[in-house]
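*Asks:* Starting off with a structure, shown below.
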2 protein chains.
Amino acid sequence: MISFELPKSRPNDFTRVLPVVEEVIKGVREKGDIALLELEEKFDHVKLDSVVEDKVDELAEKIPPDLREAIDYIYDQLTEFHESIKPYNAGGNSKGVEFGVLWKPVEKVGIYVPGGNKAYPSTLLMAGIPAKVAGVSEIYAATPPSKIDPAICYISKKLRIKKLYRLGGAQAIAAFAYGTESVIRVDKIVGPGNIYVQAAKFLVSKEIGIDGIEGPTELVIIADENADAKEIVLDMKAQAEHGTSTFIVLLSTSQSLIDQVVPQLKDDNIIYYIIKVSTIEEAIKVLNEISPEHLSLYVANPKKYLDKIANSGAISLGATPPAIIDYAAGPNHILPTNRWARFKGGVTVYDFLKPVMYAYTEKPDEKLIRSAMVLARHEGFEFHAKSIGVRYGRE
Amino acid sequence: MISFELPKSRPNDFTRVLPVVEEVIKGVREKGDIALLELEEKFDHVKLDSVVEDKVDELAEKIPPDLREAIDYIYDQLTEFHESIKPYNAGGNSKGVEFGVLWKPVEKVGIYVPGGNKAYPSTLLMAGIPAKVAGVSEIYAATPPSKIDPAICYISKKLRIKKLYRLGGAQAIAAFAYGTESVIRVDKIVGPGNIYVQAAKFLVSKEIGIDGIEGPTELVIIADENADAKEIVLDMKAQAEHGTSTFIVLLSTSQSLIDQVVPQLKDDNIIYYIIKVSTIEEAIKVLNEISPEHLSLYVANPKKYLDKIANSGAISLGATPPAIIDYAAGPNHILPTNRWARFKGGVTVYDFLKPVMYAYTEKPDEKLIRSAMVLARHEGFEFHAKSIGVRYGRE
């Protein structure tokens, strides 16, 4: 179906399952492994003896050679990407103080890899590689037990994952957040999932780190008259593969392009939003309001518009197909949705590093000492002021 | 009081006020400004006509000259700090793809400045300056109306804050998150507060960005025999000024230092934790487990231990007094508490920037195309594969 008007809102639905997810978390905290086994039977219809997958090595052997080769190649590319953007300790000197940040890796990370009928090894690559580049020492992963994919086992080995857990949904998140007899409590959970996973990530974010809460896929395509209609149609159909709640928008300056695209999409079982705009600048204004997960900037000289783009998770420039970012180009496919691109980016090496700030001074400028003491006293913190003054003979 | 044993846990209490805070948020969403005025009367005992402070310029004039001078000097120092660590667009080329990140500022930020009987202009500096360095175009601030400090007005002017709201507690957070007739809805809220503010930040983090949830102040001091007992005592008393729930620990290799410190602290109305350790390395192990907000590494050659420190919000090295970080050294005093230093740093310029990932390729390596298509097909995403293949004549 086609709509020539944008929707008023894109409600994120996870809040409606918060009560049931609270119960799941409570169960896991109170009963540990027993709760996990019960919940897996109830929700994933699998009777397990243990939530730890102990055949990772054996299963990894079963990966088809062409898939193994593809994963090896993509692994290199994603590593290159995160290496190219990773930060180094930085700082300087000012007013007698040496200061800066030390980037320290998160120690224990849990990666949630969604599954069920399908398996998504690409998500394990997307979350695991930036963690590896950051220097995370202990990586754990969890994926629903109904189908343990040899590709996921193969990647687990490459990433030297400590344990792969056969766990899905809210119970996987609860186990990572609070630990059980078999599951290690981690410092941060990363990875997308259904609304139960989203609700659980929100609830546990009271106590541990999360990368964000990712909802249904979103794509905005900005296309001018140079864009190829056939390619645009395939890009839109590709994102539609993620399900009927995927949000897909084409903003085009070209009526002729729109006229070619519409007939090829109108019978699909999903709403595509198609809007005619007068200029690329106008399209970018609409884009910034939408703040989507993916932007395909399929226009001539795409780089000249980058300064104007404020809010988008990832951008594929020119004819670059958005789907190549989903798999292999380098950037992540774990990206902010539901307008979260207003305030955060997708998963990068930065999600696994913390800027620890430091200051070192034997004798700061007289005026800095005085300023700190004046402000401390203004706020009524006499001992703060004294503790500074005593260092420098100015009680 | 002194305890020679660490507590089993440091419970964060904001969860117990979640129900009442849910009600406050609901009221603000439904009734807007009317709710805000009612809540200010109820909680802050102030009858307001408007939540917008319209006398910022006038009040700013009333700042005492020595305080103005102190703020100007500190403003420069904090700006230098965040300039020295801020990121630049980065990236590279690999396998026929050009990729990287564009650091884009968050557009609208709301700063919460706690208050009540006291005023904390330093917090407005600590949150506002990294926002300014990041290039945030619209900064808003809110502070309880019982006492609007001229220093806060003066800093608001320096930061070119768009509006200063006379709002405190959960209602301030709700107004920033959802907007009212008078209050602009922001993209991200930054700043510490009491348990009501903490609970509100957690609840609105379903929809907008927050910097974190900051609880009571924490300080770990690691001191060897070179440390000065008088200075250590003042550093501990300084952090104790934040209230009786402040968590203060001294880990020392020197029994003589401990023996000098204990008598000067034992009558205070707060528990100080004092632990004798055998080596600095042992102290750092305990520190990493505590993962405190502040670390004072008051030992000889402090830099040689930095590699071993995994978890701490900020570090003052050697004789540097921790309180100078609270006010003027450069690093922030808005820092992770309650073991959040395991997975995040304090507020920096990075809190106001988003890494927007991009990829650009006219023709990636053959093998990258094939790898992306193989992995997409393995996951059952035929249109993803096709949308890549069609670009490069490989349907």
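Naming works like this for the structure tokens: A, B, ... for the chains as they're shown, residue 1 at the start of each chain, ligands 1 onward in shown order.
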Could the residues of chain B within 6 Å of chain A, counting only C-alpha atoms, be given as a PyMOL selection string, please?
*Replies:* chain B and resi 70+84-85+90-92+106+187+209+234-235+238+313-317+320-321+323+327-328+331+343-345+354-361+371-372+383-384+387-388
*Asks:* Determine which residues of range 212-390 of chain A DSSP labels as helix (DSSP H, G or I) from the backbone of this structure, then write them out as an NGL selection string.
*Replies:* :A and (229-240 or 255-265 or 280-290 or 302-308 or 322-327 or 340-342 or 349-352 or 366-378 or 382-390)
*Asks:* Applying 9 Å and only C-alpha atoms, which residues near Lys157 in chain A remain after dropping the ones on its own chain fewer than 4 positions away? List them as an mmCIF file with N, CA, C and O atoms, in the first residue's frame.
*Replies:*
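Heads up, here's the output in result-v6.cif:
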data_model
loop_
_atom_site.group_PDB
_atom_site.id
_atom_site.type_symbol
_atom_site.label_atom_id
_atom_site.label_comp_id
_atom_site.auth_asym_id
_atom_site.auth_seq_id
_atom_site.Cartn_x
_atom_site.Cartn_y
_atom_site.Cartn_z
ATOM 1 N N VAL A 56 29.400 -25.557 21.082
ATOM 2 C CA VAL A 56 29.747 -24.460 20.169
ATOM 3 C C VAL A 56 30.787 -24.899 19.140
ATOM 4 O O VAL A 56 30.611 -24.686 17.935
ATOM 5 N N ASP A 57 31.846 -25.545 19.615
ATOM 6 C CA ASP A 57 32.924 -25.943 18.707
ATOM 7 C C ASP A 57 32.425 -26.923 17.653
ATOM 8 O O ASP A 57 32.716 -26.790 16.456
ATOM 9 N N ALA A 60 30.051 -25.236 15.220
ATOM 10 C CA ALA A 60 30.757 -24.284 14.344
ATOM 11 C C ALA A 60 31.334 -24.983 13.117
ATOM 12 O O ALA A 60 31.427 -24.399 12.025
ATOM 13 N N ILE A 152 26.302 -18.742 13.990
ATOM 14 C CA ILE A 152 26.420 -18.052 15.280
ATOM 15 C C ILE A 152 27.530 -18.704 16.116
ATOM 16 O O ILE A 152 28.312 -18.003 16.772
ATOM 17 N N CYS A 153 27.621 -20.005 16.059
ATOM 18 C CA CYS A 153 28.705 -20.696 16.791
ATOM 19 C C CYS A 153 30.068 -20.343 16.210
ATOM 20 O O CYS A 153 31.030 -20.113 16.960
ATOM 21 N N ILE A 161 34.034 -15.648 22.444
ATOM 22 C CA ILE A 161 32.958 -15.452 23.411
ATOM 23 C C ILE A 161 33.113 -16.473 24.529
ATOM 24 O O ILE A 161 33.443 -17.641 24.285
ATOM 25 N N LYS A 162 32.910 -16.004 25.778
ATOM 26 C CA LYS A 162 33.143 -16.872 26.936
ATOM 27 C C LYS A 162 32.070 -17.949 27.045
ATOM 28 O O LYS A 162 32.354 -19.078 27.411
#
*Asks:* Within 7 Å of Leu164 in chain B, counting only C-alpha atoms, which residues show up once you throw out same-chain ones fewer than 5 positions away? Write them as a list in words, please.
*Replies:*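 Residues near the query, excluding close chain neighbours: Val52, Glu53, Tyr140, Ala141 and Ala142 of chain B.
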*Asks:* Could you give me the residues within range 175-282 of chain B that DSSP places in strand (DSSP E or B), as a short mmCIF file (atom, residue, chain, number, x, y, z; two decimals) with all heavy atoms, in the first residue's frame?
*Replies:*
data_model
loop_
_atom_site.label_atom_id
_atom_site.label_comp_id
_atom_site.auth_asym_id
_atom_site.auth_seq_id
_atom_site.Cartn_x
_atom_site.Cartn_y
_atom_site.Cartn_z
N LYS B 188 17.29 15.58 25.07
CA LYS B 188 18.07 14.91 26.11
C LYS B 188 18.09 15.75 27.38
O LYS B 188 18.18 16.97 27.29
CB LYS B 188 19.51 14.67 25.61
CG LYS B 188 20.36 13.86 26.57
CD LYS B 188 21.64 13.36 25.92
CE LYS B 188 22.42 12.47 26.89
NZ LYS B 188 23.58 11.83 26.25
N ILE B 189 18.01 15.08 28.52
CA ILE B 189 18.06 15.76 29.82
C ILE B 189 19.36 15.35 30.53
O ILE B 189 19.69 14.17 30.59
CB ILE B 189 16.87 15.35 30.71
CG1 ILE B 189 15.55 15.75 30.04
CG2 ILE B 189 16.98 16.01 32.09
CD1 ILE B 189 14.32 15.26 30.79
N VAL B 190 20.04 16.35 31.08
CA VAL B 190 21.31 16.11 31.77
C VAL B 190 21.28 16.79 33.13
O VAL B 190 20.78 17.90 33.24
CB VAL B 190 22.48 16.65 30.91
CG1 VAL B 190 23.80 16.59 31.67
CG2 VAL B 190 22.58 15.86 29.61
N GLY B 209 16.58 11.04 25.67
CA GLY B 209 17.91 10.71 26.19
C GLY B 209 18.11 11.25 27.60
O GLY B 209 17.58 12.29 27.96
N ILE B 210 18.87 10.53 28.39
CA ILE B 210 19.33 11.03 29.69
C ILE B 210 20.82 10.75 29.79
O ILE B 210 21.34 9.87 29.10
CB ILE B 210 18.59 10.39 30.89
CG1 ILE B 210 18.81 8.87 30.94
CG2 ILE B 210 17.09 10.71 30.84
CD1 ILE B 210 18.34 8.22 32.25
N GLU B 218 30.19 9.55 45.93
CA GLU B 218 31.07 8.46 46.36
C GLU B 218 32.53 8.87 46.15
O GLU B 218 32.87 9.43 45.11
CB GLU B 218 30.81 7.20 45.52
CG GLU B 218 29.38 6.70 45.57
CD GLU B 218 29.07 5.72 44.45
OE1 GLU B 218 29.89 5.57 43.52
OE2 GLU B 218 27.99 5.10 44.51
N LEU B 219 33.35 8.56 47.12
CA LEU B 219 34.78 8.84 46.99
C LEU B 219 35.58 7.67 47.54
O LEU B 219 35.33 7.23 48.66
CB LEU B 219 35.16 10.12 47.77
CG LEU B 219 36.66 10.39 47.95
CD1 LEU B 219 37.33 10.72 46.62
CD2 LEU B 219 36.90 11.53 48.95
N VAL B 220 36.52 7.19 46.75
CA VAL B 220 37.52 6.25 47.25
C VAL B 220 38.87 6.97 47.22
O VAL B 220 39.24 7.54 46.20
CB VAL B 220 37.59 4.96 46.41
CG1 VAL B 220 38.78 4.10 46.82
CG2 VAL B 220 36.30 4.16 46.55
N ILE B 221 39.56 6.94 48.35
CA ILE B 221 40.93 7.47 48.39
C ILE B 221 41.88 6.29 48.53
O ILE B 221 41.69 5.44 49.40
CB ILE B 221 41.13 8.43 49.60
CG1 ILE B 221 40.16 9.61 49.49
CG2 ILE B 221 42.59 8.90 49.69
CD1 ILE B 221 40.17 10.52 50.73
N ILE B 222 42.86 6.24 47.64
CA ILE B 222 43.93 5.25 47.80
C ILE B 222 45.18 6.04 48.21
O ILE B 222 45.60 6.93 47.47
CB ILE B 222 44.18 4.46 46.49
CG1 ILE B 222 42.93 3.67 46.10
CG2 ILE B 222 45.40 3.54 46.65
CD1 ILE B 222 43.08 2.84 44.84
N ALA B 223 45.69 5.74 49.39
CA ALA B 223 46.80 6.56 49.91
C ALA B 223 47.94 5.68 50.41
O ALA B 223 47.71 4.66 51.05
CB ALA B 223 46.29 7.45 51.05
N PHE B 247 29.14 8.03 50.26
CA PHE B 247 29.90 6.80 50.51
C PHE B 247 31.39 7.12 50.38
O PHE B 247 31.86 7.46 49.29
CB PHE B 247 29.46 5.75 49.48
CG PHE B 247 30.16 4.43 49.57
CD1 PHE B 247 30.05 3.64 50.71
CD2 PHE B 247 30.92 3.97 48.50
CE1 PHE B 247 30.69 2.41 50.78
CE2 PHE B 247 31.57 2.74 48.57
CZ PHE B 247 31.45 1.97 49.72
N ILE B 248 32.10 7.06 51.49
CA ILE B 248 33.50 7.52 51.52
C ILE B 248 34.41 6.43 52.06
O ILE B 248 34.19 5.91 53.15
CB ILE B 248 33.64 8.79 52.39
CG1 ILE B 248 32.67 9.88 51.88
CG2 ILE B 248 35.07 9.30 52.40
CD1 ILE B 248 32.51 11.06 52.80
N VAL B 249 35.42 6.10 51.27
CA VAL B 249 36.30 4.96 51.60
C VAL B 249 37.76 5.41 51.53
O VAL B 249 38.16 6.06 50.57
CB VAL B 249 36.10 3.81 50.58
CG1 VAL B 249 37.00 2.62 50.93
CG2 VAL B 249 34.64 3.38 50.51
N LEU B 250 38.52 5.04 52.52
CA LEU B 250 39.98 5.21 52.47
C LEU B 250 40.63 3.83 52.44
O LEU B 250 40.39 3.01 53.33
CB LEU B 250 40.47 6.00 53.69
CG LEU B 250 42.00 6.06 53.89
CD1 LEU B 250 42.69 6.77 52.73
CD2 LEU B 250 42.35 6.75 55.22
N LEU B 251 41.42 3.59 51.40
CA LEU B 251 42.19 2.34 51.30
C LEU B 251 43.65 2.75 51.44
O LEU B 251 44.17 3.50 50.61
CB LEU B 251 41.97 1.68 49.94
CG LEU B 251 40.52 1.38 49.52
CD1 LEU B 251 40.48 0.94 48.05
CD2 LEU B 251 39.91 0.31 50.42
N SER B 252 44.30 2.30 52.49
CA SER B 252 45.68 2.74 52.66
C SER B 252 46.62 1.59 53.01
O SER B 252 46.26 0.67 53.73
CB SER B 252 45.78 3.83 53.73
OG SER B 252 47.12 4.28 53.80
N TYR B 272 32.50 6.56 57.73
CA TYR B 272 33.66 6.51 56.84
C TYR B 272 34.19 5.08 56.86
O TYR B 272 34.38 4.51 57.93
CB TYR B 272 34.76 7.44 57.33
CG TYR B 272 34.40 8.91 57.40
CD1 TYR B 272 34.07 9.51 58.61
CD2 TYR B 272 34.41 9.70 56.26
CE1 TYR B 272 33.75 10.87 58.69
CE2 TYR B 272 34.09 11.06 56.32
CZ TYR B 272 33.76 11.63 57.53
OH TYR B 272 33.45 12.97 57.60
N TYR B 273 34.48 4.54 55.70
CA TYR B 273 35.02 3.18 55.62
C TYR B 273 36.53 3.27 55.46
O TYR B 273 37.02 3.94 54.54
CB TYR B 273 34.39 2.42 54.44
CG TYR B 273 32.90 2.27 54.62
CD1 TYR B 273 32.02 3.22 54.11
CD2 TYR B 273 32.36 1.20 55.33
CE1 TYR B 273 30.65 3.12 54.29
CE2 TYR B 273 31.00 1.07 55.52
CZ TYR B 273 30.14 2.03 55.00
OH TYR B 273 28.79 1.92 55.20
N ILE B 274 37.25 2.63 56.35
CA ILE B 274 38.72 2.72 56.32
C ILE B 274 39.30 1.31 56.32
O ILE B 274 39.03 0.51 57.23
CB ILE B 274 39.24 3.55 57.51
CG1 ILE B 274 38.66 4.97 57.39
CG2 ILE B 274 40.77 3.56 57.53
CD1 ILE B 274 39.17 5.95 58.42
N ILE B 275 40.05 1.00 55.28
CA ILE B 275 40.55 -0.37 55.08
C ILE B 275 42.06 -0.34 54.90
O ILE B 275 42.57 0.41 54.07
CB ILE B 275 39.91 -1.01 53.81
CG1 ILE B 275 38.40 -0.78 53.73
CG2 ILE B 275 40.29 -2.49 53.70
CD1 ILE B 275 37.57 -1.54 54.72
N LYS B 276 42.73 -1.17 55.66
CA LYS B 276 44.18 -1.33 55.49
C LYS B 276 44.42 -2.35 54.38
O LYS B 276 43.84 -3.44 54.39
CB LYS B 276 44.76 -1.82 56.83
CG LYS B 276 46.20 -2.31 56.78
CD LYS B 276 47.19 -1.15 56.83
CE LYS B 276 48.61 -1.64 57.02
NZ LYS B 276 49.11 -2.45 55.89
#
*Asks:* Report, in Å to a single decimal, how far apart CA of Ile195 in chain A and CA of Phe4 in chain A are.
*Replies:*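 Taking CA of Phe4 in chain A and CA of Ile195 in chain A, their separation equals 28.4 Å.
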*Asks:* Return the single residue from A:Gly32, A:Pro336, A:Gly169, A:Pro114 that is closest to Glu214 in chain A, with distances computed using only C-alpha atoms.
*Replies:*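 Residue with the minimum atom-to-atom distance to Glu214 in chain A: A:Pro336.
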*Asks:* Can you tell me how far CA of Lys201 in chain A sits from CA of Ile184 in chain A, in Å to one decimal?
*Replies:*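 CA of Ile184 in chain A lies 16.4 Å from CA of Lys201 in chain A.
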*Asks:* What is the CA of Gly128 in chain A to CA of Asp49 in chain A distance in Å?
*Replies:*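 Result for CA of Gly128 in chain A versus CA of Asp49 in chain A: 26.8 Å, one decimal.
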